[in-house]
Amino acid sequence: DGGITQSPKYLFRKEGQNVTLSCEQNLNHDAMYWYRQDPGQGLRLIYYSQIVNDFQKGDIAEGYSVSREKKESFPLTVTSAQKNPTAFYLCASSKDSYEQYFGPGTRLTVT
Amino acid sequence: AQSVTQPDIHITVSEGASLELRCNYSYGATPYLFWYVQSPGQGLQLLLKYFSGDTLVQGIKGFEAEFKRSQSSFNLRKPSVHWSDAAEYFCAVESWGKLQFGAGTQVVVTP
């Protein structure tokens, strides 16, 4: 079955540690996206990539980094510079930059 | 700047009753519009989309939405709500290859 996988579903980290969230897709989509979701704020775009080896900052990129070495994979690193990292993180992919398909999400808790 | 507004944060509806969720957008050209649904702790699922043509679009799960250019609106409707429709609903508009999301409307279905 084609789809988007995110792992792990729940992630716990101590403050000051970097953590990497995985996102893999087998839909053969060119574009991939990372969003952050907080209660009452909808989804906010962190980073996006429209082609391998290229990515752009979204609205809230500070404290995050990404890489796009393979078409199928778009990992997100939450660095210690992110002041409030506890949130629900969603990855999405798109064939044509319009209709996006979402993964199940990773809930990150930093204490 | 483009923006999406969902005026209702929370709606309670009885099972079997009709449902209408409001969405207003601010955009200079004819937008590409989407409605997504999210069950608790899950990713987003696309309900329907509008690109052009007929302003009344049909989606999955018995939902429909109507694009009204004069009112800058794209309201989502369902004639008879089922308990399984309890979820959070997001309106989104495409802008330069990215999606701008509204803050979401939480729908509670009562027996």
# chains A, B, ... in the order shown; residues from 1 in each chain; ligands from 1
call {"tool": "select_by_dssp", "arguments": {"residues": "chain B", "states": "helix (DSSP H, G or I)", "output": "PyMOL selection string"}}
result
chain B and resi 60-62+69-71+83-85
call {"tool": "closest_atom_pairs", "arguments": {"of": "chain A", "to": "chain B", "cutoff": "7 Å", "atoms": "only C-alpha atoms", "output": "JSON lines"}}
result
{"residue": "A:Gly40", "atom": "CA", "partner": "B:Ala103", "partner_atom": "CA", "distance": 5.8}
{"residue": "A:Gln41", "atom": "CA", "partner": "B:Ala103", "partner_atom": "CA", "distance": 4.9}
{"residue": "A:Gly42", "atom": "CA", "partner": "B:Ala103", "partner_atom": "CA", "distance": 4.0}
{"residue": "A:Leu43", "atom": "CA", "partner": "B:Phe101", "partner_atom": "CA", "distance": 6.1}
{"residue": "A:Leu90", "atom": "CA", "partner": "B:Gly43", "partner_atom": "CA", "distance": 6.8}
{"residue": "A:Ser97", "atom": "CA", "partner": "B:Gly97", "partner_atom": "CA", "distance": 4.9}
{"residue": "A:Tyr98", "atom": "CA", "partner": "B:Gly97", "partner_atom": "CA", "distance": 6.3}
{"residue": "A:Phe102", "atom": "CA", "partner": "B:Leu44", "partner_atom": "CA", "distance": 5.6}
{"residue": "A:Gly103", "atom": "CA", "partner": "B:Gly43", "partner_atom": "CA", "distance": 5.5}
{"residue": "A:Pro104", "atom": "CA", "partner": "B:Gly43", "partner_atom": "CA", "distance": 4.2}
{"residue": "A:Gly105", "atom": "CA", "partner": "B:Gly43", "partner_atom": "CA", "distance": 5.7}
call {"tool": "closest_residue", "arguments": {"among": "A:Arg44, A:Lys57, A:Ser49, A:His29", "to": "Phe74 (chain A)", "atoms": "only C-alpha atoms"}}
result
A:Ser49
call {"tool": "residues_around", "arguments": {"residues": "Ala81 (chain A)", "least_positions_apart": "2", "cutoff": "8 Å", "atoms": "only C-alpha atoms", "output": "number ranges by chain"}}
result
A: 16, 62-64, 79, 83
call {"tool": "select_by_dssp", "arguments": {"residues": "chain B", "states": "strand (DSSP E or B)", "output": "PyMOL selection string"}}
result
chain B and resi 3-5+10-14+19-21+24-26+33-38+44-50+56-58+64-68+73-78+87-95+98-101+105-110
call {"tool": "residues_around", "arguments": {"residues": "region 60-73 of chain B", "least_positions_apart": "3", "cutoff": "9 Å", "atoms": "only C-alpha atoms", "output": "JSON, numbers by chain"}}
result
{"B": [22, 23, 24, 25, 26, 27, 30, 33, 35, 46, 47, 48, 49, 50, 54, 55, 56, 57, 76, 77, 78, 79, 80, 85]}
call {"tool": "closest_residue", "arguments": {"among": "A:Ser80, A:Asn18, A:Thr86, A:Gln56", "to": "Met32 (chain A)", "atoms": "only C-alpha atoms"}}
result
A:Gln56
call {"tool": "atom_distance", "arguments": {"atom1": "CA of Gln82 (chain A)", "atom2": "CA of Tyr48 (chain A)"}}
result
17.8 Å
call {"tool": "closest_residue", "arguments": {"among": "A:Gln50, A:Pro85, A:Tyr35, A:Thr20", "to": "Thr111 (chain A)", "atoms": "only C-alpha atoms"}}
result
A:Pro85
call {"tool": "decode", "arguments": {"residues": "region 40-73 of chain A", "atoms": "N, CA, C and O atoms", "output": "PDB file, in the first residue's frame"}}
result
ATOM      1  N   GLY A  40      -5.598  24.905  18.785  1.00  0.00           N
ATOM      2  CA  GLY A  40      -6.173  26.202  18.451  1.00  0.00           C
ATOM      3  C   GLY A  40      -5.404  27.013  17.436  1.00  0.00           C
ATOM      4  O   GLY A  40      -5.782  28.150  17.147  1.00  0.00           O
ATOM      5  N   GLN A  41      -4.328  26.459  16.877  1.00  0.00           N
ATOM      6  CA  GLN A  41      -3.523  27.241  15.923  1.00  0.00           C
ATOM      7  C   GLN A  41      -3.458  26.616  14.545  1.00  0.00           C
ATOM      8  O   GLN A  41      -2.729  27.095  13.694  1.00  0.00           O
ATOM      9  N   GLY A  42      -4.188  25.566  14.309  1.00  0.00           N
ATOM     10  CA  GLY A  42      -4.114  24.952  12.993  1.00  0.00           C
ATOM     11  C   GLY A  42      -2.745  24.372  12.727  1.00  0.00           C
ATOM     12  O   GLY A  42      -2.011  24.009  13.652  1.00  0.00           O
ATOM     13  N   LEU A  43      -2.375  24.301  11.466  1.00  0.00           N
ATOM     14  CA  LEU A  43      -1.080  23.758  11.065  1.00  0.00           C
ATOM     15  C   LEU A  43      -0.195  24.894  10.592  1.00  0.00           C
ATOM     16  O   LEU A  43      -0.621  25.744   9.803  1.00  0.00           O
ATOM     17  N   ARG A  44       1.029  24.882  11.038  1.00  0.00           N
ATOM     18  CA  ARG A  44       2.000  25.891  10.600  1.00  0.00           C
ATOM     19  C   ARG A  44       3.164  25.199   9.895  1.00  0.00           C
ATOM     20  O   ARG A  44       3.712  24.230  10.404  1.00  0.00           O
ATOM     21  N   LEU A  45       3.563  25.748   8.762  1.00  0.00           N
ATOM     22  CA  LEU A  45       4.572  25.135   7.915  1.00  0.00           C
ATOM     23  C   LEU A  45       5.967  25.412   8.451  1.00  0.00           C
ATOM     24  O   LEU A  45       6.342  26.566   8.665  1.00  0.00           O
ATOM     25  N   ILE A  46       6.747  24.338   8.626  1.00  0.00           N
ATOM     26  CA  ILE A  46       8.110  24.479   9.146  1.00  0.00           C
ATOM     27  C   ILE A  46       9.100  24.545   7.984  1.00  0.00           C
ATOM     28  O   ILE A  46       9.861  25.502   7.860  1.00  0.00           O
ATOM     29  N   TYR A  47       9.134  23.521   7.163  1.00  0.00           N
ATOM     30  CA  TYR A  47       9.994  23.436   5.994  1.00  0.00           C
ATOM     31  C   TYR A  47       9.246  22.684   4.903  1.00  0.00           C
ATOM     32  O   TYR A  47       8.354  21.892   5.178  1.00  0.00           O
ATOM     33  N   TYR A  48       9.657  22.917   3.660  1.00  0.00           N
ATOM     34  CA  TYR A  48       9.145  22.137   2.559  1.00  0.00           C
ATOM     35  C   TYR A  48      10.229  21.938   1.511  1.00  0.00           C
ATOM     36  O   TYR A  48      11.184  22.715   1.431  1.00  0.00           O
ATOM     37  N   SER A  49      10.026  20.875   0.733  1.00  0.00           N
ATOM     38  CA  SER A  49      10.996  20.525  -0.299  1.00  0.00           C
ATOM     39  C   SER A  49      10.218  20.121  -1.543  1.00  0.00           C
ATOM     40  O   SER A  49       9.344  19.256  -1.475  1.00  0.00           O
ATOM     41  N   GLN A  50      10.538  20.736  -2.660  1.00  0.00           N
ATOM     42  CA  GLN A  50       9.818  20.423  -3.895  1.00  0.00           C
ATOM     43  C   GLN A  50      10.614  19.502  -4.798  1.00  0.00           C
ATOM     44  O   GLN A  50      10.081  18.991  -5.794  1.00  0.00           O
ATOM     45  N   ILE A  51      11.885  19.254  -4.412  1.00  0.00           N
ATOM     46  CA  ILE A  51      12.716  18.366  -5.216  1.00  0.00           C
ATOM     47  C   ILE A  51      13.883  17.904  -4.351  1.00  0.00           C
ATOM     48  O   ILE A  51      14.254  18.587  -3.374  1.00  0.00           O
ATOM     49  N   VAL A  52      14.449  16.765  -4.708  1.00  0.00           N
ATOM     50  CA  VAL A  52      15.575  16.223  -3.943  1.00  0.00           C
ATOM     51  C   VAL A  52      16.721  17.239  -3.899  1.00  0.00           C
ATOM     52  O   VAL A  52      16.969  17.958  -4.865  1.00  0.00           O
ATOM     53  N   ASN A  53      17.385  17.287  -2.747  1.00  0.00           N
ATOM     54  CA  ASN A  53      18.546  18.152  -2.508  1.00  0.00           C
ATOM     55  C   ASN A  53      18.211  19.641  -2.507  1.00  0.00           C
ATOM     56  O   ASN A  53      19.104  20.491  -2.673  1.00  0.00           O
ATOM     57  N   ASP A  54      16.933  19.959  -2.310  1.00  0.00           N
ATOM     58  CA  ASP A  54      16.522  21.358  -2.226  1.00  0.00           C
ATOM     59  C   ASP A  54      15.377  21.475  -1.240  1.00  0.00           C
ATOM     60  O   ASP A  54      14.470  20.635  -1.234  1.00  0.00           O
ATOM     61  N   PHE A  55      15.391  22.517  -0.386  1.00  0.00           N
ATOM     62  CA  PHE A  55      14.304  22.735   0.549  1.00  0.00           C
ATOM     63  C   PHE A  55      14.254  24.218   0.902  1.00  0.00           C
ATOM     64  O   PHE A  55      15.243  24.952   0.741  1.00  0.00           O
ATOM     65  N   GLN A  56      13.088  24.650   1.375  1.00  0.00           N
ATOM     66  CA  GLN A  56      12.877  26.052   1.717  1.00  0.00           C
ATOM     67  C   GLN A  56      12.265  26.166   3.111  1.00  0.00           C
ATOM     68  O   GLN A  56      11.529  25.293   3.559  1.00  0.00           O
ATOM     69  N   LYS A  57      12.556  27.269   3.750  1.00  0.00           N
ATOM     70  CA  LYS A  57      11.959  27.541   5.056  1.00  0.00           C
ATOM     71  C   LYS A  57      10.487  27.880   4.895  1.00  0.00           C
ATOM     72  O   LYS A  57      10.086  28.551   3.943  1.00  0.00           O
ATOM     73  N   GLY A  58       9.710  27.424   5.868  1.00  0.00           N
ATOM     74  CA  GLY A  58       8.322  27.817   5.939  1.00  0.00           C
ATOM     75  C   GLY A  58       8.151  28.985   6.887  1.00  0.00           C
ATOM     76  O   GLY A  58       9.058  29.804   7.053  1.00  0.00           O
ATOM     77  N   ASP A  59       7.011  29.042   7.546  1.00  0.00           N
ATOM     78  CA  ASP A  59       6.690  30.186   8.402  1.00  0.00           C
ATOM     79  C   ASP A  59       7.372  30.151   9.759  1.00  0.00           C
ATOM     80  O   ASP A  59       7.534  31.187  10.396  1.00  0.00           O
ATOM     81  N   ILE A  60       7.763  28.947  10.215  1.00  0.00           N
ATOM     82  CA  ILE A  60       8.310  28.839  11.578  1.00  0.00           C
ATOM     83  C   ILE A  60       9.554  27.953  11.593  1.00  0.00           C
ATOM     84  O   ILE A  60       9.674  27.035  12.380  1.00  0.00           O
ATOM     85  N   ALA A  61      10.530  28.218  10.745  1.00  0.00           N
ATOM     86  CA  ALA A  61      11.692  27.349  10.582  1.00  0.00           C
ATOM     87  C   ALA A  61      12.730  27.468  11.709  1.00  0.00           C
ATOM     88  O   ALA A  61      13.585  26.575  11.862  1.00  0.00           O
ATOM     89  N   GLU A  62      12.691  28.513  12.481  1.00  0.00           N
ATOM     90  CA  GLU A  62      13.728  28.721  13.495  1.00  0.00           C
ATOM     91  C   GLU A  62      13.764  27.578  14.507  1.00  0.00           C
ATOM     92  O   GLU A  62      12.733  27.215  15.087  1.00  0.00           O
ATOM     93  N   GLY A  63      14.965  27.010  14.720  1.00  0.00           N
ATOM     94  CA  GLY A  63      15.116  25.922  15.669  1.00  0.00           C
ATOM     95  C   GLY A  63      14.915  24.541  15.060  1.00  0.00           C
ATOM     96  O   GLY A  63      14.961  23.540  15.765  1.00  0.00           O
ATOM     97  N   TYR A  64      14.678  24.494  13.767  1.00  0.00           N
ATOM     98  CA  TYR A  64      14.484  23.227  13.043  1.00  0.00           C
ATOM     99  C   TYR A  64      15.470  23.123  11.888  1.00  0.00           C
ATOM    100  O   TYR A  64      15.948  24.134  11.387  1.00  0.00           O
ATOM    101  N   SER A  65      15.780  21.880  11.476  1.00  0.00           N
ATOM    102  CA  SER A  65      16.556  21.667  10.261  1.00  0.00           C
ATOM    103  C   SER A  65      16.034  20.429   9.545  1.00  0.00           C
ATOM    104  O   SER A  65      15.417  19.563  10.165  1.00  0.00           O
ATOM    105  N   VAL A  66      16.272  20.369   8.240  1.00  0.00           N
ATOM    106  CA  VAL A  66      15.819  19.239   7.435  1.00  0.00           C
ATOM    107  C   VAL A  66      16.898  18.851   6.441  1.00  0.00           C
ATOM    108  O   VAL A  66      17.874  19.576   6.220  1.00  0.00           O
ATOM    109  N   SER A  67      16.706  17.693   5.821  1.00  0.00           N
ATOM    110  CA  SER A  67      17.534  17.269   4.695  1.00  0.00           C
ATOM    111  C   SER A  67      16.630  16.545   3.710  1.00  0.00           C
ATOM    112  O   SER A  67      15.569  16.024   4.081  1.00  0.00           O
ATOM    113  N   ARG A  68      17.039  16.518   2.446  1.00  0.00           N
ATOM    114  CA  ARG A  68      16.272  15.791   1.422  1.00  0.00           C
ATOM    115  C   ARG A  68      17.264  15.145   0.472  1.00  0.00           C
ATOM    116  O   ARG A  68      17.470  15.571  -0.658  1.00  0.00           O
ATOM    117  N   GLU A  69      17.858  14.076   0.958  1.00  0.00           N
ATOM    118  CA  GLU A  69      18.870  13.358   0.171  1.00  0.00           C
ATOM    119  C   GLU A  69      18.235  12.328  -0.747  1.00  0.00           C
ATOM    120  O   GLU A  69      18.847  11.911  -1.734  1.00  0.00           O
ATOM    121  N   LYS A  70      17.057  11.868  -0.397  1.00  0.00           N
ATOM    122  CA  LYS A  70      16.329  10.895  -1.203  1.00  0.00           C
ATOM    123  C   LYS A  70      14.903  11.384  -1.435  1.00  0.00           C
ATOM    124  O   LYS A  70      14.343  12.063  -0.582  1.00  0.00           O
ATOM    125  N   LYS A  71      14.330  10.998  -2.539  1.00  0.00           N
ATOM    126  CA  LYS A  71      12.961  11.418  -2.853  1.00  0.00           C
ATOM    127  C   LYS A  71      11.986  10.920  -1.795  1.00  0.00           C
ATOM    128  O   LYS A  71      11.010  11.586  -1.476  1.00  0.00           O
ATOM    129  N   GLU A  72      12.247   9.736  -1.247  1.00  0.00           N
ATOM    130  CA  GLU A  72      11.292   9.111  -0.344  1.00  0.00           C
ATOM    131  C   GLU A  72      11.355   9.633   1.081  1.00  0.00           C
ATOM    132  O   GLU A  72      10.461   9.363   1.869  1.00  0.00           O
ATOM    133  N   SER A  73      12.397  10.341   1.444  1.00  0.00           N
ATOM    134  CA  SER A  73      12.649  10.637   2.851  1.00  0.00           C
ATOM    135  C   SER A  73      12.868  12.128   3.107  1.00  0.00           C
ATOM    136  O   SER A  73      13.571  12.809   2.335  1.00  0.00           O
TER     137      SER A  73
END
